[in-house]
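J.: Can you keep this structure in mind? I'll have questions shortly.
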Amino acid sequence: MNDHRPPDVLIDRLRANLQASGIALSDVDLEGIVASGMLGNVVEFEAAVAGVPLDAVPEIADPGPVEPPAAVASRGEPEPIPDSIADLAPRMRSGAISPVELFDQALARIEARDREINAFQLVCADRARLAAQRAEVAIRARDWRGPLHGIPVAIKDLFAMAGTVTTAGSRLRNQEDRLDSAVVERLQQAGAVIVGKTRMPEFAYSPGSNNPNFGPTANPRDLTRDAGGSSSGSGAAVADGMVWAALGTDTGGSIRIPAANCGVVGIKPTHGRVSLHGAVPLAWSLDHGGPIARTVADAALVLEAIAGPDPRDPRTQRTPKTWSASLAGGVRGLKLGVMVDPPVESLAGDLAIRVWRRTLADLERAGAALREVALRELLALRAVNYAILAAEAGAYHEADLRSQPEAYGDFCRQRLLAGFAYGPQSYARARQARADLARRALLVFDGVDALVLPAMPEPAPALGQRSSVVFTSPFNALGWPAVVVPAGESSSGLPLAVQVVARPWGESTALRVAQAVEQSRIATPRPSPESAAGRRS
């Protein structure tokens with residue numbers, strides 16, 4: 001939030017650019033844009049790119065080398081109706097648990113809880129029951145498709161699914177889908193039971209669950225707190241036990257924020273790892289698709305099911321897509337980066353810092369070597385991410401902003417309008433800056449295998465309020481894989497998480513470290529950060 005009025009030249013540019021596009025700017029919208037500090041992103045961006053040479057080559061669509069393939073690990077026998085897909089799958093395969101029974105459990109939970117939480121935009125009860133019945137018949141006939149066969153899952157309501165309306169959180173979209181998105185196709189091929197579509201802020205353009213059309217999504221840990229955005233319903237549905245996994249998208253943190261706020265696992269894979277064919281875009285060069293799940297192993301299994309090349313999405317690349325075997329490797333011998341420049345302490349609150357430090361100590365005890373690193377590009381990358389997001393979102397929405405601006409809610413409309421305050425060369429400059437920053441940032445992996453950072457600077461905010469993207473959006477600009485994993489709780493039970501970031505195509509390393517964090521947390525319960533160290537006065 002910027003408490004200072006932006007320079008008049010910026011407001012004049014905003015008016016001129018909107019006028020050139022034939023888009024009206026009301027006094028109310030201008031006042032809202034200025035009061036919210038949205039134009040501060042433009043000021044921050046212009047400072048960030050000031051030193052980039054004018055002849056710099058923009059980034060190219062190649063995030064880096066492909067990682068070697070890994071084999072799938074075997075898994076043991078769990079208790080009846082386990083919490084995790086990894087433990088549930090062998091019992092499903094053996095017939096000890098019925099897909100129909102599992103679906104009934106999911107539907108009962110949704111019916112009992114969703115009036116309070118507001119996680120689902122649409123529940124496809126009849127369709128999902130039929131899918132569960134078909135899964136049961138197939139499994140009995142020994143036609144088992146893999147660990148997702150018969151598992152209830154959900155998808156964010158910006159993925160097309162034939163026979164449903166994909167609203168993307170907006171009143172603008174009301175046409176029934178004729179075809180499935182790529183991720184829906186792959187979930188169905190894996191035998192998953194898609195229970196429904198989950199809530200999100202309008203067009204995914206918010207790191208909170210705020211939505212004027214369908215209301216906010218409450219955090220299952222505390223209904224007065226926000227689930228986070230923009231994959232709000234997906235995070236809440238998994239955290240509350242309504243489904244075993246859900247899909248989201250992430251343009252500035254939109255998988256990782258709900259996962260962190262709600263206390264579950266979220267993966268933003270390498271850009272181009274998952275096809276977004278059939279998904280409503282927010283920003284084409286920043287959007288990532290990925291899973292939210294209860295455990296690291298489950299998130300890896302879902303990612304394996306949806307990842308891979310798709311000729312309909314030119315962003316996807318032909319890369320290996322099995323990571324389960326890497327989870328058992330532990331962290332002994334790995335070198336993990338601890339960011340000291342900029343200092344984490346300047347970007348996060350006491351609770352997040354304490355949980356982060358405690359996690360680093362646990363990883364060191366498990367055999368990892370900690371190395372101090374500088375990632376001076378972090379804040380400039382955040383500014384570049386904002387600029388690219390504003391340009392690409394503005395291009396997608398320009399026609400509707402011109403013809404029916406009143407169809408948008410105030411926040412979404414004003415954020416889209418504010419993007420027109422960037423200069424006419426800003427998009428090209430942002431692409432140049434991203435290339436330069438990415439080259440420099442990649443050097444951090446010369447000395448470490450992965451970075452471990454806080455996921456969020458604070459626990460979940462009040463219901464309907466937006467979360468910070470300071471630790472998340474830079475890695476959308478970079479396209480690097482990042483995993484958020486629960487690492488502790490506040491004294492009031494609000495989750496706190498850490499984020500593991502790896503080099504491009506390095507999901508196996510990120511998941512391996514995240515698994516070690518998860519195992520350490522389960523094996524060694526700890527008091528809350530407040531009770532362990534007291535509150536800062």
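Within each chain, counting starts at residue 1; across the structure tokens, chains are named A, B, ... in the order shown, with ligands numbered 1 upward in that order.
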What's the 10 Å shell around Leu122 (chain A), counting only C-alpha atoms, without same-chain residues fewer than 6 positions away, as number ranges by chain?
T.: A: 154-155, 157, 164-166, 195-199
J.: Going by DSSP on the backbone, which residues of region 135-355 of chain A come out as helix (DSSP H, G or I)? List them as a ChimeraX atom specification.
T.: /A:135-140,182-189,202-204,232-239,256-262,296-306,324-329,344-346,350-355
J.: Skip region 445-455 of chain A itself and residues of its chain fewer than 5 positions away, then list as a count of residues only all residues within 6 Å of it, counting only C-alpha atoms.
T.: 10
J.: Near Asp83 (chain A), counting only C-alpha atoms, which residues have an atom at most 9 Å away, once you skip same-chain residues fewer than 4 positions from it, shown as JSON, numbers by chain?
T.: {"A": [87, 88, 241, 244, 294, 295]}
J.: Give me, as JSON, numbers by chain, all polymer residues having an atom no more than 10 Å from Ser403 (chain A), counting only C-alpha atoms and skipping those fewer than 4 positions away in the same chain.
T.: {"A": [22, 23, 24, 398, 399, 407]}
J.: Taking a cut-off of 12 Å and counting only C-alpha atoms, can you build a table that, for each residue of region 224-299 of chain A near region 309-319 of chain A, reports the nearest atom pair and how far apart they are in Å (one decimal), sorted by chain then residue number, as a Markdown table?
T.:
| residue | atom | partner | partner_atom | distance |
| --- | --- | --- | --- | --- |
| A:Pro269 | CA | A:Thr316 | CA | 11.5 |
| A:Thr270 | CA | A:Thr316 | CA | 9.7 |
| A:His271 | CA | A:Arg315 | CA | 7.5 |
| A:Gly272 | CA | A:Thr316 | CA | 4.0 |
| A:Arg273 | CA | A:Thr316 | CA | 5.7 |
| A:Val274 | CA | A:Thr316 | CA | 6.5 |
| A:Ser275 | CA | A:Asp313 | CA | 5.9 |
| A:Leu276 | CA | A:Asp313 | CA | 6.6 |
| A:His277 | CA | A:Asp313 | CA | 5.6 |
| A:Gly278 | CA | A:Arg312 | CA | 9.2 |
| A:Ala279 | CA | A:Asp313 | CA | 10.6 |
| A:Trp284 | CA | A:Arg315 | CA | 9.0 |
| A:Ser285 | CA | A:Arg315 | CA | 8.5 |
| A:Leu286 | CA | A:Arg315 | CA | 10.7 |
| A:Asp287 | CA | A:Arg315 | CA | 10.2 |
| A:His288 | CA | A:Arg315 | CA | 10.1 |
| A:Gly289 | CA | A:Thr316 | CA | 11.1 |
J.: Would you mind exporting all heavy atoms of the selected residues as a compact mmCIF listing (two decimals), in the first residue's frame?
T.:
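Listed below is the output, out.txt:
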# COMPACT_ATOMS: atom_id res chain seq x y z
N PRO A 269 5.02 -25.42 -10.31
CA PRO A 269 6.12 -26.06 -11.04
C PRO A 269 6.80 -25.08 -11.97
O PRO A 269 6.40 -23.92 -12.10
CB PRO A 269 5.41 -27.18 -11.81
CG PRO A 269 4.02 -26.67 -12.00
CD PRO A 269 3.71 -25.82 -10.80
N THR A 270 7.84 -25.54 -12.63
CA THR A 270 8.53 -24.72 -13.63
C THR A 270 7.52 -24.26 -14.69
O THR A 270 6.64 -25.01 -15.10
CB THR A 270 9.64 -25.54 -14.30
OG1 THR A 270 10.50 -26.07 -13.29
CG2 THR A 270 10.45 -24.67 -15.26
N HIS A 271 7.68 -23.01 -15.14
CA HIS A 271 6.80 -22.50 -16.19
C HIS A 271 6.92 -23.38 -17.43
O HIS A 271 8.03 -23.63 -17.92
CB HIS A 271 7.18 -21.06 -16.54
CG HIS A 271 6.21 -20.38 -17.44
ND1 HIS A 271 6.44 -20.20 -18.79
CD2 HIS A 271 4.99 -19.85 -17.21
CE1 HIS A 271 5.41 -19.58 -19.34
NE2 HIS A 271 4.52 -19.35 -18.38
N GLY A 272 5.80 -23.87 -17.93
CA GLY A 272 5.81 -24.78 -19.06
C GLY A 272 5.76 -26.24 -18.66
O GLY A 272 5.74 -27.12 -19.52
N ARG A 273 5.73 -26.54 -17.38
CA ARG A 273 5.65 -27.93 -16.91
C ARG A 273 4.24 -28.48 -17.09
O ARG A 273 4.05 -29.66 -17.39
CB ARG A 273 6.08 -28.00 -15.44
CG ARG A 273 6.06 -29.38 -14.83
CD ARG A 273 7.12 -30.28 -15.40
NE ARG A 273 8.40 -30.16 -14.71
CZ ARG A 273 9.46 -30.91 -14.99
NH1 ARG A 273 9.40 -31.80 -15.97
NH2 ARG A 273 10.59 -30.74 -14.33
N VAL A 274 3.22 -27.64 -16.89
CA VAL A 274 1.82 -28.06 -16.94
C VAL A 274 1.09 -27.25 -18.00
O VAL A 274 1.18 -26.02 -18.02
CB VAL A 274 1.14 -27.88 -15.56
CG1 VAL A 274 -0.36 -28.15 -15.65
CG2 VAL A 274 1.78 -28.80 -14.53
N SER A 275 0.35 -27.92 -18.87
CA SER A 275 -0.41 -27.23 -19.91
C SER A 275 -1.54 -26.42 -19.31
O SER A 275 -2.27 -26.89 -18.42
CB SER A 275 -0.99 -28.25 -20.89
OG SER A 275 -1.88 -27.62 -21.80
N LEU A 276 -1.70 -25.20 -19.82
CA LEU A 276 -2.82 -24.35 -19.43
C LEU A 276 -3.81 -24.18 -20.58
O LEU A 276 -4.60 -23.23 -20.59
CB LEU A 276 -2.30 -22.99 -18.95
CG LEU A 276 -1.55 -23.04 -17.62
CD1 LEU A 276 -0.97 -21.68 -17.27
CD2 LEU A 276 -2.45 -23.53 -16.50
N HIS A 277 -3.79 -25.11 -21.53
CA HIS A 277 -4.81 -25.11 -22.57
C HIS A 277 -6.18 -25.26 -21.92
O HIS A 277 -6.41 -26.13 -21.10
CB HIS A 277 -4.58 -26.28 -23.53
CG HIS A 277 -5.72 -26.50 -24.48
ND1 HIS A 277 -5.96 -25.66 -25.55
CD2 HIS A 277 -6.69 -27.45 -24.50
CE1 HIS A 277 -7.04 -26.09 -26.19
NE2 HIS A 277 -7.50 -27.17 -25.59
N GLY A 278 -7.09 -24.37 -22.28
CA GLY A 278 -8.44 -24.42 -21.73
C GLY A 278 -8.60 -23.72 -20.40
O GLY A 278 -9.65 -23.83 -19.76
N ALA A 279 -7.57 -22.98 -19.96
CA ALA A 279 -7.66 -22.20 -18.73
C ALA A 279 -7.82 -20.73 -19.07
O ALA A 279 -7.18 -20.23 -20.00
CB ALA A 279 -6.42 -22.39 -17.87
N TRP A 284 -0.14 -14.56 -19.64
CA TRP A 284 0.33 -15.75 -20.34
C TRP A 284 1.74 -16.15 -19.97
O TRP A 284 2.04 -17.35 -19.89
CB TRP A 284 0.24 -15.52 -21.86
CG TRP A 284 -1.15 -15.27 -22.34
CD1 TRP A 284 -2.11 -16.20 -22.59
CD2 TRP A 284 -1.74 -14.00 -22.62
NE1 TRP A 284 -3.27 -15.59 -23.01
CE2 TRP A 284 -3.07 -14.24 -23.06
CE3 TRP A 284 -1.28 -12.68 -22.58
CZ2 TRP A 284 -3.94 -13.21 -23.42
CZ3 TRP A 284 -2.15 -11.67 -22.93
CH2 TRP A 284 -3.46 -11.92 -23.35
N SER A 285 2.62 -15.21 -19.76
CA SER A 285 4.02 -15.55 -19.51
C SER A 285 4.33 -15.74 -18.02
O SER A 285 5.47 -16.05 -17.67
CB SER A 285 4.96 -14.49 -20.10
OG SER A 285 4.87 -13.28 -19.38
N LEU A 286 3.34 -15.56 -17.17
CA LEU A 286 3.53 -15.71 -15.72
C LEU A 286 2.68 -16.82 -15.12
O LEU A 286 2.96 -17.29 -14.01
CB LEU A 286 3.20 -14.40 -15.00
CG LEU A 286 3.98 -13.16 -15.42
CD1 LEU A 286 3.39 -11.92 -14.76
CD2 LEU A 286 5.45 -13.31 -15.07
N ASP A 287 1.61 -17.23 -15.81
CA ASP A 287 0.68 -18.23 -15.27
C ASP A 287 1.36 -19.60 -15.17
O ASP A 287 2.06 -20.04 -16.08
CB ASP A 287 -0.54 -18.38 -16.17
CG ASP A 287 -1.44 -17.16 -16.18
OD1 ASP A 287 -1.31 -16.32 -15.27
OD2 ASP A 287 -2.29 -17.07 -17.10
N HIS A 288 1.13 -20.27 -14.05
CA HIS A 288 1.56 -21.65 -13.84
C HIS A 288 0.38 -22.45 -13.31
O HIS A 288 -0.39 -21.94 -12.48
CB HIS A 288 2.67 -21.74 -12.77
CG HIS A 288 3.92 -20.97 -13.07
ND1 HIS A 288 3.97 -19.60 -13.24
CD2 HIS A 288 5.20 -21.40 -13.19
CE1 HIS A 288 5.23 -19.23 -13.46
NE2 HIS A 288 6.00 -20.30 -13.44
N GLY A 289 0.23 -23.69 -13.72
CA GLY A 289 -0.78 -24.57 -13.15
C GLY A 289 -0.11 -25.59 -12.25
O GLY A 289 1.02 -26.03 -12.52
J.: Calculated over only C-alpha atoms, which of the candidates A:Val137, A:Val265, A:Val469, A:Val485 has the smallest distance to Arg521 (chain A)?
T.: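 Among the listed residues, A:Val485 lies closest to Arg521 (chain A).
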J.: Just want the 12 Å neighbourhood of Met200 (chain A), counted on only C-alpha atoms, with same-chain residues fewer than 5 positions away dropped. Output as a ChimeraX atom specification.
T.: /A:118-122,155-159,166-170,205-218,226-236,247-250,254-255,258,464
